[in-house]
Amino acid sequence: SEFDARLRDMISLKPPKDEPRPTAMGGSPEPDFSKNYLPFHRQELLARKLNAFLAQLTQDTKLEKARQEELFQMVKANQGILEAIPSMLPANGWVSSGFGPRLSQFTGREEEHLGVDISCLAGTPVLAPAPGKVIYAGWDESYGWTVILSHGFGLTTRYSHMKSQAVKMKTGQMMARGEQIGEVGTTGRTTGPHLHYEVRLSGVPVNPMRYIIS
């Protein structure tokens with residue numbers, strides 16, 4: 001009977017095999033939410049995740065903006081130091097001898113090379129790699145015609161073996177970045193045209209290549 005079938009539904013008891021389960025007839029069918037519930041649930045989860053992602057993205061954007069502002073202020077505060085860095089090779093050529101220990105071509109013994117040698121044609125312009133002031137311009141027995149620039153913050157640069165007629169600098173003269181200092185030559189103790197280039201920090205020779213950017 002119908003009452004028997006409903007009672008079995010309530011206690012989750014299947015109807016006997018020989019008694020077909022009655023089916024309700026007439027009226028509007030009851031809505032079936034089983035097909036729509038899972039997609040709606042997933043949409044809700046997706047919306048929550050999207051909102052969380054957007055919130056995190058906003059936070060990350062604010063943090064990145066703060067970092068960029070901090071970096072900008074640091075660069076602005078250290079602009080003078082950045083401008084003083086000798087960030088370019090002073091002559092257009094190739095480094096034929098690097099910084100550090102090497103065998104001397106004159107004695108055959110190991111010696112410390114306090115700079116780098118830039119090989120190029122005689123007469124190649126020698127340019128200031130950073131703004132600076134001439135603190136020495138003259139003759140050296142080993143290095144020939146030499147110019148030394150002070151860039152501030154303890155940084156100095158040295159340019160040697162230049163042509164004598166090209167060295168017209170005077171002590172105290174200010175030089176702009178890219179301004180010509182002289183020309184590559186063969187003065188002093190040398191086996192061919194090249195520029196001996198040094199960088200010193202607080203008087204201590206350092207590898208010039210560590211500063212090169214362009």
# chains A, B, ... in the order shown; residues from 1 in each chain; ligands from 1
$ select_by_dssp --residues "segment 40-195 of chain A" --states "strand (DSSP E or B)" --output "number ranges by chain"
A: 94-97, 100-103, 110-113, 116-119, 125-127, 132-140, 144-152, 155-162, 174-175, 180-184, 194-195
$ closest_atom_pairs --of "segment 130-168 of chain A" --to "segment 61-82 of chain A" --cutoff "10 Å" --atoms "only C-alpha atoms" --output "CSV"
residue,atom,partner,partner_atom,distance
A:Ala130,CA,A:Leu82,CA,9.5
A:His151,CA,A:Ile81,CA,9.1
A:Gly152,CA,A:Ile81,CA,8.1
A:Phe153,CA,A:Ile81,CA,7.0
A:Leu155,CA,A:Ile81,CA,9.7
$ write_last_selection --atoms "all heavy atoms" --output "short mmCIF file (atom, residue, chain, number, x, y, z; two decimals), in the first residue's frame"
data_model
loop_
_atom_site.label_atom_id
_atom_site.label_comp_id
_atom_site.auth_asym_id
_atom_site.auth_seq_id
_atom_site.Cartn_x
_atom_site.Cartn_y
_atom_site.Cartn_z
N ALA A 130 84.13 58.91 -15.46
CA ALA A 130 83.23 59.51 -14.47
C ALA A 130 83.70 60.94 -14.23
O ALA A 130 84.85 61.28 -14.51
CB ALA A 130 83.26 58.71 -13.17
N HIS A 151 87.59 61.21 -8.07
CA HIS A 151 86.15 61.24 -8.31
C HIS A 151 85.35 61.44 -7.02
O HIS A 151 84.12 61.38 -7.04
CB HIS A 151 85.71 59.94 -9.00
CG HIS A 151 86.48 59.65 -10.26
ND1 HIS A 151 86.21 60.28 -11.45
CD2 HIS A 151 87.53 58.82 -10.50
CE1 HIS A 151 87.04 59.84 -12.38
NE2 HIS A 151 87.86 58.96 -11.82
N GLY A 152 86.05 61.64 -5.92
CA GLY A 152 85.37 61.77 -4.64
C GLY A 152 85.08 60.40 -4.04
O GLY A 152 85.25 59.36 -4.70
N PHE A 153 84.68 60.39 -2.78
CA PHE A 153 84.33 59.16 -2.07
C PHE A 153 85.51 58.18 -2.03
O PHE A 153 85.32 56.97 -1.95
CB PHE A 153 83.11 58.48 -2.69
CG PHE A 153 81.92 59.38 -2.82
CD1 PHE A 153 81.63 60.01 -4.02
CD2 PHE A 153 81.09 59.63 -1.72
CE1 PHE A 153 80.54 60.85 -4.14
CE2 PHE A 153 80.00 60.48 -1.84
CZ PHE A 153 79.72 61.09 -3.04
N LEU A 155 87.60 57.47 -4.45
CA LEU A 155 87.87 56.84 -5.74
C LEU A 155 88.80 57.70 -6.59
O LEU A 155 88.56 58.90 -6.78
CB LEU A 155 86.57 56.62 -6.51
CG LEU A 155 85.75 55.37 -6.20
CD1 LEU A 155 84.39 55.47 -6.87
CD2 LEU A 155 86.47 54.12 -6.67
#
$ residues_around --residues "Pro131 of chain A" --least-positions-apart "2" --cutoff "6 Å" --atoms "only C-alpha atoms" --output "list in words"
Met175, Ala176 and Arg177 of chain A
$ write_last_selection --atoms "N, CA and C atoms" --output "mmCIF file, in the first residue's frame"
data_model
loop_
_atom_site.group_PDB
_atom_site.id
_atom_site.type_symbol
_atom_site.label_atom_id
_atom_site.label_comp_id
_atom_site.auth_asym_id
_atom_site.auth_seq_id
_atom_site.Cartn_x
_atom_site.Cartn_y
_atom_site.Cartn_z
ATOM 1 N N MET A 175 86.808 67.516 -14.868
ATOM 2 C CA MET A 175 86.512 66.737 -16.067
ATOM 3 C C MET A 175 85.107 66.156 -15.964
ATOM 4 N N ALA A 176 84.391 66.202 -17.085
ATOM 5 C CA ALA A 176 83.056 65.596 -17.144
ATOM 6 C C ALA A 176 83.168 64.165 -17.640
ATOM 7 N N ARG A 177 82.164 63.362 -17.357
ATOM 8 C CA ARG A 177 82.154 61.982 -17.856
ATOM 9 C C ARG A 177 82.139 61.987 -19.392
#
$ atom_distance --atom1 "atom CA of Ile118 of chain A" --atom2 "atom CA of Ile212 of chain A"
13.4 Å
$ select_by_dssp --residues "segment 22-193 of chain A" --states "helix (DSSP H, G or I)" --output "ChimeraX atom specification"
/A:34-77,79-84,164-166
$ atom_distance --atom1 "atom CA of Tyr211 of chain A" --atom2 "atom CA of Thr191 of chain A"
27.0 Å
$ closest_residue --among "A:Val206, A:Ala137, A:Ala91, A:Ile148" --to "Asp117 of chain A" --atoms "only C-alpha atoms"
A:Ala91
$ atom_distance --atom1 "atom CA of Ser97 of chain A" --atom2 "atom CA of Gly144 of chain A"
17.8 Å
$ decode --residues "segment 104-136 of chain A" --atoms "N, CA, C and O atoms" --output "compact mmCIF listing (two decimals), in the first residue's frame"
# COMPACT_ATOMS: atom_id res chain seq x y z
N SER A 104 106.13 39.46 -15.73
CA SER A 104 106.63 40.68 -16.34
C SER A 104 107.32 40.37 -17.65
O SER A 104 108.14 39.44 -17.73
N GLN A 105 107.03 41.13 -18.69
CA GLN A 105 107.67 40.95 -19.99
C GLN A 105 109.10 41.49 -19.98
O GLN A 105 109.87 41.25 -20.91
N PHE A 106 109.45 42.22 -18.92
CA PHE A 106 110.78 42.82 -18.85
C PHE A 106 111.73 42.03 -17.94
O PHE A 106 112.93 41.95 -18.21
N THR A 107 111.20 41.44 -16.87
CA THR A 107 112.05 40.70 -15.93
C THR A 107 111.80 39.19 -15.97
O THR A 107 112.63 38.41 -15.50
N GLY A 108 110.63 38.78 -16.50
CA GLY A 108 110.28 37.36 -16.51
C GLY A 108 109.81 36.86 -15.15
O GLY A 108 109.56 35.65 -14.99
N ARG A 109 109.67 37.72 -14.19
CA ARG A 109 109.23 37.35 -12.85
C ARG A 109 107.76 37.72 -12.65
O ARG A 109 107.23 38.59 -13.32
N GLU A 110 107.15 37.03 -11.68
CA GLU A 110 105.75 37.34 -11.37
C GLU A 110 105.68 38.66 -10.62
O GLU A 110 106.47 38.94 -9.72
N GLU A 111 104.73 39.48 -11.01
CA GLU A 111 104.51 40.77 -10.35
C GLU A 111 103.03 41.07 -10.29
O GLU A 111 102.22 40.48 -11.02
N GLU A 112 102.66 41.98 -9.41
CA GLU A 112 101.26 42.38 -9.30
C GLU A 112 100.97 43.49 -10.31
O GLU A 112 101.65 44.52 -10.34
N HIS A 113 99.98 43.24 -11.15
CA HIS A 113 99.55 44.26 -12.10
C HIS A 113 98.44 45.05 -11.41
O HIS A 113 97.38 44.49 -11.10
N LEU A 114 98.68 46.30 -11.16
CA LEU A 114 97.78 47.12 -10.33
C LEU A 114 96.59 47.69 -11.08
O LEU A 114 95.78 48.41 -10.49
N GLY A 115 96.50 47.37 -12.37
CA GLY A 115 95.37 47.85 -13.17
C GLY A 115 95.11 46.89 -14.32
O GLY A 115 95.36 45.69 -14.21
N VAL A 116 94.60 47.43 -15.42
CA VAL A 116 94.41 46.63 -16.63
C VAL A 116 95.06 47.38 -17.79
O VAL A 116 95.16 48.61 -17.78
N ASP A 117 95.52 46.61 -18.78
CA ASP A 117 96.06 47.21 -20.00
C ASP A 117 95.02 47.11 -21.10
O ASP A 117 94.50 46.02 -21.38
N ILE A 118 94.70 48.25 -21.72
CA ILE A 118 93.73 48.28 -22.82
C ILE A 118 94.51 48.53 -24.11
O ILE A 118 95.05 49.62 -24.33
N SER A 119 94.60 47.49 -24.93
CA SER A 119 95.35 47.61 -26.19
C SER A 119 94.47 48.24 -27.27
O SER A 119 93.30 47.89 -27.43
N CYS A 120 95.04 49.17 -27.99
CA CYS A 120 94.35 49.85 -29.09
C CYS A 120 95.38 50.63 -29.90
O CYS A 120 96.56 50.64 -29.57
N LEU A 121 94.94 51.24 -30.95
CA LEU A 121 95.84 51.98 -31.81
C LEU A 121 96.34 53.24 -31.11
O LEU A 121 95.62 53.87 -30.33
N ALA A 122 97.56 53.60 -31.38
CA ALA A 122 98.11 54.86 -30.87
C ALA A 122 97.24 56.01 -31.38
O ALA A 122 96.85 56.03 -32.54
N GLY A 123 96.96 56.93 -30.50
CA GLY A 123 96.11 58.06 -30.87
C GLY A 123 94.65 57.87 -30.51
O GLY A 123 93.84 58.80 -30.66
N THR A 124 94.29 56.67 -30.04
CA THR A 124 92.90 56.43 -29.61
C THR A 124 92.57 57.36 -28.45
O THR A 124 93.35 57.46 -27.49
N PRO A 125 91.43 58.06 -28.49
CA PRO A 125 91.08 58.98 -27.40
C PRO A 125 90.92 58.26 -26.06
O PRO A 125 90.40 57.15 -26.00
N VAL A 126 91.40 58.91 -25.01
CA VAL A 126 91.23 58.42 -23.64
C VAL A 126 90.20 59.33 -22.98
O VAL A 126 90.39 60.56 -22.91
N LEU A 127 89.09 58.73 -22.50
CA LEU A 127 87.97 59.50 -21.98
C LEU A 127 87.79 59.27 -20.48
O LEU A 127 88.05 58.18 -19.97
N ALA A 128 87.33 60.30 -19.79
CA ALA A 128 87.06 60.18 -18.36
C ALA A 128 85.84 59.28 -18.14
O ALA A 128 84.78 59.55 -18.71
N PRO A 129 85.96 58.21 -17.35
CA PRO A 129 84.84 57.30 -17.13
C PRO A 129 83.83 57.80 -16.12
O PRO A 129 82.78 57.19 -15.93
N ALA A 130 84.13 58.91 -15.46
CA ALA A 130 83.23 59.51 -14.47
C ALA A 130 83.70 60.94 -14.23
O ALA A 130 84.85 61.28 -14.51
N PRO A 131 82.82 61.81 -13.73
CA PRO A 131 83.25 63.17 -13.43
C PRO A 131 84.38 63.16 -12.39
O PRO A 131 84.37 62.31 -11.48
N GLY A 132 85.33 64.04 -12.55
CA GLY A 132 86.43 64.06 -11.59
C GLY A 132 87.29 65.30 -11.71
O GLY A 132 87.10 66.13 -12.59
N LYS A 133 88.27 65.38 -10.81
CA LYS A 133 89.20 66.51 -10.79
C LYS A 133 90.61 65.98 -11.00
O LYS A 133 91.02 64.97 -10.42
N VAL A 134 91.37 66.67 -11.84
CA VAL A 134 92.76 66.28 -12.11
C VAL A 134 93.59 66.58 -10.86
O VAL A 134 93.66 67.73 -10.41
N ILE A 135 94.22 65.53 -10.32
CA ILE A 135 95.09 65.74 -9.15
C ILE A 135 96.56 65.50 -9.51
O ILE A 135 97.44 65.78 -8.70
N TYR A 136 96.79 64.96 -10.71
CA TYR A 136 98.17 64.81 -11.19
C TYR A 136 98.16 64.73 -12.71
O TYR A 136 97.31 64.04 -13.30
